[in-house]
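Written below as structure tokens is the structure these notes are about.
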Amino acid sequence: MTIIRSVIRGCGAYLPSRVMTNEDLSKIVDTSDEWIAERTGIRERRIAADDELTSDLGLAAARQALERAEMDAQDIDLIILATSTPDQTFPATATTIQAELGIRLGAAFDMQAVCSGFIYGLATADNFLKCGQHKRALVIGAETFSRILDWEDRSTCVLFGDGAGAVVLEAQKLNGVATDRGIIASRLRSDGRYRKKLYVDGGPSSTQTVGRLRMDGREVFRHAVTNISSIIEETLELAGLSVDAVDWFVPHQANKRILDGTARKIGIDSDKIVITVDKHGNTSAASIPLALNTAVEDGRVQDGDLVLMEAMGGGFTWGAVLVRW
Ligand code: ACO
């Protein structure tokens, strides 16, 4: 049976050049490298330059993904940008990236699911490609979270960083078997009852300001392991595969303790987990494609490998995507 699969043809990433270490942060707020590293696994993060916008970060990642996919921007007919830090309230920052790439066809829009945004973007693009509406998609996660942090709140400002990652997806007619390349299964969830646990205290309709990030860290932590574990199990079940079949876990990089807790709960071998939170901090929607790009660049992810990506974020939103590389 021939079916359409969304195959990842290439990935790319971009990190701003400015590194902010835990030591640097200890000069801004009452914190220490020991506290941050022990509670989160984070050692450093990148901070965008004043003149670098989310669209600049996303554009650089998109260009690298296109180059690696050996595709021209004109081959793309769908751009989904996952971000919670758009350049402006509107238009969608994805349209800036579309214009900068010189693309005149197809559609470009932003996806807002906070840290789960890249997973939501991948699943959405996959459905557009599978139904035949679009042929090739750029899915980008790009964030400048440094702009919405309260730099006087040590419980949140130490956790996040800036960056971008992107993949190029292409609709290909394949055989409909588990060895096919491309996205095999995806699952998305949200539960708005928890929207006040992690949010930004501003917005165009409510305060007419951008606002700052607020979080009940303990509550987020409590839900993260449970929600992530259950969505992984659901996604694997959908694909008819066991956790042992997975070659690489590329999780949202929020906190090393969440990653370790999830791995223990569902029995993931720690050698299979791609971890970049130490170097990037939590880059929200950019964290999964940044981690994916790291593992592709260093040769861990090889053709034919089964890669499981998952995330949880504000809303709460959460989801997972299983892809054959
Ligand atoms: N440096 C030093 N001390 C700090 C800092 C800091 N940066 N931040 C908080 N503290 C203090 C607190 O004030 C508190 O002091 P007190 O006992 O005197 O009141 C103490 O440390 C303990 O605070 P807790 O909030 O209970 O610390 P906890 O062990 O829960 O760790 C953390 C906090 C790291 C935020 C944790 O709750 C966590 O990781 N939560 C998950 C949040 C997360 O990852 N969010 C990302 C977005 S959501 C997602 O991506 C999944």
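The way I read the labels, and the way they are meant: chains A, B, ... in the order of the structure tokens, residue 1 as the first residue of every chain, and ligand 1 as the first ligand shown, with later ones counted on from there.
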
Compile a residue-level contact table for region 112-211 of chain A against region 53-58 of chain A at a cut-off of 7 Å, reporting for every qualifying residue the shortest atom pair and its distance in Å to one decimal, with only C-alpha atoms counted, rows ordered by chain and ascending number, as CSV.
```
residue,atom,partner,partner_atom,distance
A:Ile140,CA,A:Gly58,CA,6.4
A:Gly141,CA,A:Gly58,CA,6.9
A:Ala142,CA,A:Gly58,CA,5.1
A:Glu143,CA,A:Thr54,CA,5.5
A:Thr144,CA,A:Thr54,CA,5.7
A:Gly163,CA,A:Leu57,CA,6.4
A:Ala164,CA,A:Gly58,CA,5.4
A:Gly165,CA,A:Gly58,CA,6.8
```

Counting only C-alpha atoms and all ligand atoms, which residues of chain A sit at most 7 Å from some atom of ligand 1, and what is each one's closest atom pair with its distance in Å to one decimal, listed by chain and rising residue number, as CSV?
```
residue,atom,partner,partner_atom_place_in_ligand_line,distance
A:Asp30,CA,ligand 1,1 (N),6.1
A:Thr31,CA,ligand 1,1 (N),3.6
A:Ser32,CA,ligand 1,1 (N),5.9
A:Trp35,CA,ligand 1,1 (N),5.5
A:Ile36,CA,ligand 1,7 (N),5.9
A:Arg39,CA,ligand 1,34 (C),5.0
A:Thr40,CA,ligand 1,34 (C),5.5
A:Cys115,CA,ligand 1,50 (O),5.5
A:Arg154,CA,ligand 1,7 (N),4.3
A:Ser155,CA,ligand 1,8 (N),3.5
A:Thr156,CA,ligand 1,35 (C),6.6
A:Val158,CA,ligand 1,7 (N),5.7
A:Leu159,CA,ligand 1,46 (C),6.9
A:Gly217,CA,ligand 1,37 (O),3.7
A:Arg218,CA,ligand 1,37 (O),4.0
A:Val220,CA,ligand 1,41 (C),5.0
A:Phe221,CA,ligand 1,41 (C),4.1
A:Ala224,CA,ligand 1,51 (C),5.7
A:His252,CA,ligand 1,50 (O),6.8
A:Gln253,CA,ligand 1,50 (O),7.0
A:Ala254,CA,ligand 1,50 (O),4.4
A:Asn255,CA,ligand 1,44 (O),5.0
A:Asn282,CA,ligand 1,46 (C),6.7
A:Ser284,CA,ligand 1,50 (O),6.4
A:Ala311,CA,ligand 1,51 (C),7.0
A:Met312,CA,ligand 1,51 (C),4.8
A:Gly313,CA,ligand 1,49 (C),4.6
A:Gly314,CA,ligand 1,48 (S),6.3
```

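DSSP annotation of region 62-131 of chain A from backbone atoms: strand (DSSP E or B) residues are Leu78, Ile79, Ile80, Leu81, Ala82, Ala107, Ala108, Phe109, Asp110 and Met111 of chain A.
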
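If you measure from each of A:Leu129, A:Ile97, A:Val225, A:Ala291 to Leu15 (chain A) using only C-alpha atoms, the closest one turns out to be A:Ala291.
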
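The nearest approach to Ala62 (chain A) among the residues A:Ala37, A:Cys131, A:Ile79, A:Met20, with only C-alpha atoms taken into account, belongs to A:Ile79.
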
Discussion item. Residues near region 4-8 of chain A, anyone? I mean within 10 Å using only C-alpha atoms, not counting same-chain ones fewer than 3 positions away, as a PyMOL selection string.
Written reply: chain A and resi 11+65+69+122-123+125-132+135-138+167-176+180-184+323-325

What does the file look like for those residues with C-alpha atoms, as a tab-separated table (two decimals), in the first residue's frame?
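again24.tsv, written as the output of this step:
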```
chain	number	residue	atom	x	y	z
A	11	CYS	CA	17.85	20.24	9.66
A	65	ALA	CA	18.14	23.38	6.93
A	69	ALA	CA	18.23	19.38	2.35
A	122	LEU	CA	5.71	19.13	13.08
A	123	ALA	CA	2.38	17.38	13.63
A	125	ALA	CA	2.89	20.18	8.84
A	126	ASP	CA	2.72	16.37	8.69
A	127	ASN	CA	-1.06	16.50	8.39
A	128	PHE	CA	-0.95	19.17	5.65
A	129	LEU	CA	1.59	17.11	3.69
A	130	LYS	CA	-0.25	13.82	4.18
A	131	CYS	CA	-3.52	15.26	2.90
A	132	GLY	CA	-1.76	16.58	-0.20
A	135	LYS	CA	4.44	19.38	-0.72
A	136	ARG	CA	7.41	20.74	1.24
A	137	ALA	CA	7.40	22.45	4.61
A	138	LEU	CA	9.83	24.37	6.73
A	167	VAL	CA	13.70	21.09	9.62
A	168	VAL	CA	12.61	20.68	6.00
A	169	LEU	CA	9.83	18.14	5.53
A	170	GLU	CA	8.95	16.66	2.14
A	171	ALA	CA	5.88	14.60	1.20
A	172	GLN	CA	7.07	11.31	-0.28
A	173	LYS	CA	5.04	8.33	-1.52
A	174	LEU	CA	6.30	5.33	0.49
A	175	ASN	CA	5.19	1.78	1.31
A	176	GLY	CA	3.35	2.31	4.60
A	180	ASP	CA	9.65	3.87	5.87
A	181	ARG	CA	11.43	7.14	6.44
A	182	GLY	CA	9.45	10.06	7.79
A	183	ILE	CA	6.97	10.83	10.53
A	184	ILE	CA	5.38	7.59	11.71
A	323	VAL	CA	10.13	9.82	13.07
A	324	ARG	CA	12.30	7.44	11.05
A	325	TRP	CA	15.40	9.41	10.00
```

Worksheet item: Excluding same-chain residues fewer than 2 positions from region 267-280 of chain A, what lies within 10 Å of it counting only C-alpha atoms, as a ChimeraX atom specification?
Response: /A:15,19-21,37,40-47,159-163,229,243-244,246-256,259-265,282-283,286-288,290-292,294-295,300-301,307-308

Worksheet item: Which of these residues is nearest to Asp87 (chain A), using only C-alpha atoms: A:Arg257, A:Arg147, A:Lys196, A:Arg189?
Response: A:Arg147

Discussion item. As an MDAnalysis selection string, please: the residues near region 230-234 of chain A (cut-off 7 Å, only C-alpha atoms, same-chain neighbours under 5 positions excluded).
Written reply: chainID A and resid 187 319:320

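The smallest atom-to-atom distance between His223 (chain A) and any of A:Phe316, A:Phe145, A:Ala285, A:Ala245, using only C-alpha atoms, is found for A:Phe316.
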
Worksheet item: Residues of region 146-267 of chain A in alpha helix (DSSP H) according to DSSP, as a ChimeraX atom specification?
Response: /A:154-157,217-239,256-266

Would you save the residues of that selection, restricted to N, CA, C and O atoms, as a short mmCIF file (atom, residue, chain, number, x, y, z; two decimals), in the first residue's frame?
```cif
data_model
loop_
_atom_site.label_atom_id
_atom_site.label_comp_id
_atom_site.auth_asym_id
_atom_site.auth_seq_id
_atom_site.Cartn_x
_atom_site.Cartn_y
_atom_site.Cartn_z
N ARG A 154 14.96 35.28 40.22
CA ARG A 154 15.97 34.23 40.07
C ARG A 154 15.36 32.85 39.82
O ARG A 154 16.03 31.95 39.34
N SER A 155 14.07 32.69 40.16
CA SER A 155 13.47 31.37 39.99
C SER A 155 13.11 31.09 38.52
O SER A 155 12.83 29.95 38.15
N THR A 156 13.11 32.12 37.68
CA THR A 156 12.81 31.88 36.25
C THR A 156 13.93 32.33 35.30
O THR A 156 14.20 31.66 34.31
N CYS A 157 14.60 33.44 35.62
CA CYS A 157 15.54 33.99 34.62
C CYS A 157 16.75 33.09 34.39
O CYS A 157 17.42 33.21 33.36
N GLY A 217 7.15 26.72 39.38
CA GLY A 217 8.10 25.69 38.96
C GLY A 217 7.79 24.31 39.49
O GLY A 217 7.88 23.32 38.77
N ARG A 218 7.39 24.25 40.75
CA ARG A 218 7.11 22.94 41.37
C ARG A 218 5.95 22.23 40.68
O ARG A 218 5.98 21.03 40.46
N GLU A 219 4.90 23.02 40.39
CA GLU A 219 3.71 22.45 39.73
C GLU A 219 4.04 21.99 38.31
O GLU A 219 3.59 20.94 37.87
N VAL A 220 4.84 22.79 37.60
CA VAL A 220 5.24 22.41 36.24
C VAL A 220 6.02 21.10 36.31
O VAL A 220 5.75 20.15 35.56
N PHE A 221 6.94 21.06 37.24
CA PHE A 221 7.77 19.85 37.40
C PHE A 221 6.89 18.63 37.69
O PHE A 221 7.07 17.56 37.10
N ARG A 222 5.92 18.82 38.59
CA ARG A 222 5.06 17.71 39.02
C ARG A 222 4.30 17.11 37.83
O ARG A 222 4.19 15.89 37.71
N HIS A 223 3.79 17.99 36.93
CA HIS A 223 3.01 17.49 35.80
C HIS A 223 3.90 16.99 34.66
O HIS A 223 3.46 16.15 33.87
N ALA A 224 5.11 17.53 34.55
CA ALA A 224 5.92 17.26 33.36
C ALA A 224 6.21 15.77 33.17
O ALA A 224 5.92 15.22 32.10
N VAL A 225 6.73 15.13 34.21
CA VAL A 225 7.13 13.73 34.04
C VAL A 225 5.91 12.86 33.70
O VAL A 225 5.96 12.01 32.79
N THR A 226 4.79 13.10 34.39
CA THR A 226 3.58 12.31 34.15
C THR A 226 3.06 12.52 32.73
O THR A 226 2.79 11.56 32.00
N ASN A 227 2.92 13.79 32.32
CA ASN A 227 2.35 14.07 31.00
C ASN A 227 3.27 13.58 29.87
O ASN A 227 2.80 13.00 28.88
N ILE A 228 4.56 13.80 30.04
CA ILE A 228 5.50 13.41 28.98
C ILE A 228 5.54 11.89 28.85
O ILE A 228 5.51 11.35 27.75
N SER A 229 5.58 11.20 29.99
CA SER A 229 5.63 9.73 29.94
C SER A 229 4.40 9.17 29.26
O SER A 229 4.49 8.27 28.42
N SER A 230 3.22 9.73 29.60
CA SER A 230 2.00 9.15 29.02
C SER A 230 1.91 9.44 27.52
O SER A 230 1.47 8.58 26.74
N ILE A 231 2.37 10.61 27.07
CA ILE A 231 2.28 10.92 25.63
C ILE A 231 3.28 10.06 24.84
O ILE A 231 3.01 9.66 23.71
N ILE A 232 4.42 9.75 25.44
CA ILE A 232 5.39 8.86 24.79
C ILE A 232 4.76 7.47 24.62
O ILE A 232 4.81 6.88 23.53
N GLU A 233 4.14 7.00 25.68
CA GLU A 233 3.52 5.66 25.61
C GLU A 233 2.41 5.63 24.55
O GLU A 233 2.33 4.70 23.76
N GLU A 234 1.57 6.68 24.52
CA GLU A 234 0.48 6.74 23.53
C GLU A 234 1.03 6.76 22.10
O GLU A 234 0.50 6.11 21.20
N THR A 235 2.11 7.51 21.89
CA THR A 235 2.66 7.66 20.54
C THR A 235 3.28 6.35 20.07
O THR A 235 3.10 5.93 18.92
N LEU A 236 3.99 5.68 20.98
CA LEU A 236 4.59 4.39 20.62
C LEU A 236 3.49 3.36 20.34
O LEU A 236 3.60 2.56 19.39
N GLU A 237 2.43 3.41 21.13
CA GLU A 237 1.33 2.47 20.93
C GLU A 237 0.67 2.69 19.58
O GLU A 237 0.36 1.75 18.86
N LEU A 238 0.50 3.96 19.22
CA LEU A 238 -0.07 4.32 17.92
C LEU A 238 0.75 3.73 16.78
O LEU A 238 0.22 3.30 15.75
N ALA A 239 2.08 3.71 16.97
CA ALA A 239 2.98 3.20 15.93
C ALA A 239 3.16 1.69 16.04
O ALA A 239 3.79 1.08 15.17
N LYS A 256 17.25 18.93 33.26
CA LYS A 256 17.82 17.58 33.23
C LYS A 256 17.09 16.64 34.19
O LYS A 256 16.94 15.45 33.91
N ARG A 257 16.57 17.20 35.29
CA ARG A 257 15.87 16.32 36.24
C ARG A 257 14.55 15.80 35.65
O ARG A 257 14.13 14.69 35.94
N ILE A 258 13.90 16.63 34.80
CA ILE A 258 12.67 16.16 34.13
C ILE A 258 13.03 15.05 33.14
O ILE A 258 12.37 14.02 33.05
N LEU A 259 14.13 15.24 32.41
CA LEU A 259 14.56 14.24 31.42
C LEU A 259 14.91 12.92 32.12
O LEU A 259 14.49 11.85 31.69
N ASP A 260 15.64 13.01 33.23
CA ASP A 260 16.02 11.80 33.96
C ASP A 260 14.80 11.09 34.54
O ASP A 260 14.69 9.87 34.48
N GLY A 261 13.86 11.89 35.09
CA GLY A 261 12.65 11.32 35.68
C GLY A 261 11.81 10.61 34.63
O GLY A 261 11.30 9.50 34.86
N THR A 262 11.68 11.22 33.45
CA THR A 262 10.91 10.61 32.36
C THR A 262 11.59 9.32 31.90
O THR A 262 10.94 8.30 31.69
N ALA A 263 12.91 9.39 31.74
CA ALA A 263 13.67 8.22 31.26
C ALA A 263 13.48 7.04 32.22
O ALA A 263 13.25 5.91 31.79
N ARG A 264 13.55 7.33 33.52
CA ARG A 264 13.37 6.26 34.52
C ARG A 264 11.97 5.68 34.42
O ARG A 264 11.79 4.46 34.41
N LYS A 265 10.97 6.58 34.29
CA LYS A 265 9.58 6.12 34.31
C LYS A 265 9.25 5.21 33.12
O LYS A 265 8.53 4.24 33.27
N ILE A 266 9.75 5.54 31.94
CA ILE A 266 9.36 4.70 30.79
C ILE A 266 10.47 3.75 30.34
O ILE A 266 10.32 3.05 29.34
#
```

Worksheet entry | Nearest residue to Ser205 (chain A) from the set A:Gly10, A:Thr89, A:Ser17, A:Leu306 (distances using only C-alpha atoms) | A:Thr89

Item to complete: Please measure the separation of CA of Leu213 (chain A) and CA of Asp201 (chain A), giving the value in Å to one decimal.
Response: 6.6 Å
